[in-house]
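Notes to accompany the following structure.
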Amino acid sequence: MTAPSEGTPPPSAAERPAEPPAEDRTTADTAADVAPDAEQASASAEPDAESAGPDEPGAEEPGANDATLGDGSKAASEGEEAESTPEGEETGPATSGAADSGQTAQPSEAEAELSAQRELRARIEQRKAEKEGPIESGTKLSGTAADLLAAVRAVESGEKSGTAFFDSPAPAPRRPAPSAAEPVRPRVPEPAGPPRTSAPETLSAVRSVLVEGGAPEALTVQVAETLGDLAADTLREDPWRLLSVPGVLPEQADGFARALLGTECGPGDERRTAALVRWQLERAAVRGHTALELSAVRGALAERSVPDPDEALQQAIAEGAVLVFQDGVDESPPAAENEQGEEGAEGAEGAEGAEGAEGAESGRPAVPVLLGLDRYALAEESLADGLARLAKSGADATWEAAERTGLTRALAASGLVAHTGGEAARAEPVALAEAAAALGLRAVIAVHSANGVRRLGPSAAAVTVAGLLSGSEGPGREADGAFALDLLVVLDAPQLDVETAAMLVESLPDGSRLVLSGDPGVLYSAGAGRVFADVLAAGVCPQIASRTPDPGPIGELVSGIGIGELNQVEAPGKEVVIVPVRDAGEAVHRTVQLVADSVPRAFGVSPEQTQVITVGHGGSAGTRALNAAVKQRLNPGPGRFGGFDVGDRVAYTPAPGRTLSGAVVFADADGLHLDCEGTPVVVPQERVESAVRHGWALTAHQAVGMRWPAAVVVLPGDAAQGLSRPWVYTAFSCGERHLSVVHGVDQALPRAVAGITSQERTTRLRTLLEGLLAPTP
């Protein structure tokens, strides 16, 4: 979802000028709720607290912070904000009986105010009447926020045009029945492409302001791509917008601002505090959080020498830098709605303490106040709505004719099913897809990577999630934008981030079935969220746990790690080998020896089929050092093609969170030509440096969801801080036939397996699902 731009609230109907006003800003109300499906109220009604989307953080390469469990990169989502139309122009067809207001006289300001109050009271009464029914996702937003959320979703789905929300007074349903004449599904997401090329004059202007502010000229292209054609003017007006460029730190942005503003620059500058709040939430998203507690953001501002963090947060909320949530709170009396609207951002700030006091008096735990970026907030709301739609689709007698298994029984009763198990258990959902085909249903299996497609074999006809969304793989889409399928089986479900999952679920047709299958023991997704874990924790759908164990010594070892035990296993065929080392230098030497000599000689597995896994990119035994050493042994060369030679193994990152393993074929004017799991890929010259690495060694975060005939896991002494049970579980699972562990961390390995379970992520999906659906016993 593209973030809405900052601006002032729109004028009333009587005051609206001929040209379209600035885009409305949403609000997060923590006191009272109104129905999210309501149409836009009168523009003269006071907003509670405004929010405009932050600058989207640049995509950091996956695995850049692999030493910390749960790091992730962000993926961009798309969308457009509804805009108003000039007076007198048609607003397009109104839905659900909306009256045509194009030819009616504009009411006076007083009449508009009275009309707005009547509509507001009507919505409150409607909300009171619905309290006994299921609560829809998004009801923690109210007033302008609820209206704008409904508007965004309606525009995204094609239900209404972007100009229909300012002049049509009648409400429209969120999900009308599908119709061939009027699509109701979100538009097809565009595949991620290379960054656009900025105009020479734009680059020249940006370079000039960077030099003036003492910033490196090397940031020119990144700044232009992030801030657009007016990047130079934007930086002069607000130098702290430099923080939205990937890799820029607050200290660097402060120095840049001092150089441009001089004495006008201060630690309490509103532009600085708003940028710091956004930057803090963007950093949190890289670590997998979709929101942060208000107290954590306040503390981070204090550490950055902000004079009054509370006032800074209120200002950031009022200006729309962030949204405010307090999910799971009992609704306040309706009379509090207008009071909260008058309070504005201050109400959000005070909610934290008030709710804590109320929780202490009632004996229930206090519900924290959360701050989040609108892109993740809307993604979680949309995902929760979509999953609830599937779960409520009811029984399907078609599945009664299938062979009676746990999965078929679950699908006969529910449109949403969760399935857990290891590598061997993947055969169960694959068999389910085959059974669906035998019943005449259109079934599709989607996996995280091309490596997963290869492992399933051609008979499964599996596709990647990215290919399914882009339309380059799979059955395509119906006229209404929905996938042309009846059953979607998603393997590697733990790798779904909230934005990808939201696009996937919203593209499923009504009446279809969704099976989310995966191993809950592996690392979470590279992007923000923990979709599979939240679905399991919410307990809102049938859950089928496979009893099929992974075979052999590797399977036995990994199964023990999953329950916190690092056991010695019998490996008569040397399927598991431990190689002790004293230091990082010896670790690199033994790794090269294993890949080039020992594993091929003992198991007949070529170096191209052996994958090295380590904790991070940096360090004396990180991916950079290991790749340089293995290249020198297996494919020495000058790196004539941007640091690469023909035959080099590479890891290509086409989008944040996705890593393709491949090899260099050749290079020409078009770019670097790769062979990725049998698929030819051309990487443009300007993207080679940022998107391609040598790939003999990967991090566990890059390797999650992939397996090779042999794996060499390198654990040097300085890697101890990066170890956790999910990391070890993921890395040790990468070997199909053989696993070598270059072990230099002594007792840190069993301690990590026994005690460090996972890094928690702050998300809202579980709470939203529990509000929409009663947990399934």
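To be explicit about the labels: the chains of the structure tokens are called A, B, and onward in the order shown, and within each one the residues are counted from 1, while ligands get numbers from 1 in the order they are shown.
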
Next on the checklist: Using DSSP assignments from the backbone, pull out every residue in region 301-548 of chain A that falls under helix (DSSP H, G or I) and give it to me as a PyMOL selection string.
Outcome noted: chain A and resi 301-303+309-318+336-343+345-362+374-391+397-401+406-413+424-438+450-456+458-460+465-470+493-495+498-506+531-538

Checklist entry - Residues at most 6 Å from region 694-700 of chain A, counting only C-alpha atoms, excluding those fewer than 6 positions away in the same chain, as a list in words? => result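 Within the cut-off, the hits are Val612, Ile613, Thr614, Val615, Gly616, Thr623, Asn627, Arg649, Val650, Ala651 and Ala731 of chain A.
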
Checklist entry - So, counting only C-alpha atoms, which residue among A:Phe256, A:Phe666, A:Phe644, A:Phe325 is closest to Arg241 (chain A)? => result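 Checking each of A:Phe256, A:Phe666, A:Phe644, A:Phe325 against Arg241 (chain A), counting only C-alpha atoms, the winner is A:Phe256.
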
Next on the checklist: One number please: CA of Asp327 (chain A) to CA of Ala388 (chain A), in Å, one decimal.
Outcome noted: 16.8 Å

Checklist entry - Distance CA of Gly471 (chain A)-CA of Leu373 (chain A), one decimal place? => result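 Going from CA of Gly471 (chain A) over to CA of Leu373 (chain A) covers 28.2 Å.
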
Item to check | Residue contacts of Arg442 (chain A) (12 Å, only C-alpha atoms) excluding same-chain residues fewer than 5 positions away, as a PyMOL selection string | outcome: chain A and resi 432-437+474-476+483-489+509+512-513

Checklist entry - Which is closest to Leu626 (chain A) among A:Pro580, A:Gly406, A:Gly604, A:Pro716, if we use only C-alpha atoms? => result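 With only C-alpha atoms as the atom set, the closest residue is A:Pro716.
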
Checklist entry - When distances are computed from only C-alpha atoms, which of A:Leu773, A:Val588, A:Val286, A:Ala602 shows the smallest separation from Ala628 (chain A)? => result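 Smallest distance to Ala628 (chain A) is found for A:Val588.
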
Item to check | Computed interatomic separation between CA of Val599 (chain A) and CA of Ser740 (chain A) (Å) | outcome: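 So the two atoms, CA of Val599 (chain A) and CA of Ser740 (chain A), lie 8.8 Å apart.
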
Checklist entry - When DSSP works through the backbone of this structure, what residues of region 447-585 of chain A end up as strand (DSSP E or B), shown as a ChimeraX atom specification? => result /A:447,463-464,477,483,487-490,513-518,543-545,576-580

Checklist entry - Which is closest to Ser606 (chain A) among A:Ala443, A:Leu594, A:Gly637, A:Val453, if we use only C-alpha atoms? => result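 Going through A:Ala443, A:Leu594, A:Gly637, A:Val453 one by one, the smallest distance to Ser606 (chain A) is for A:Leu594.
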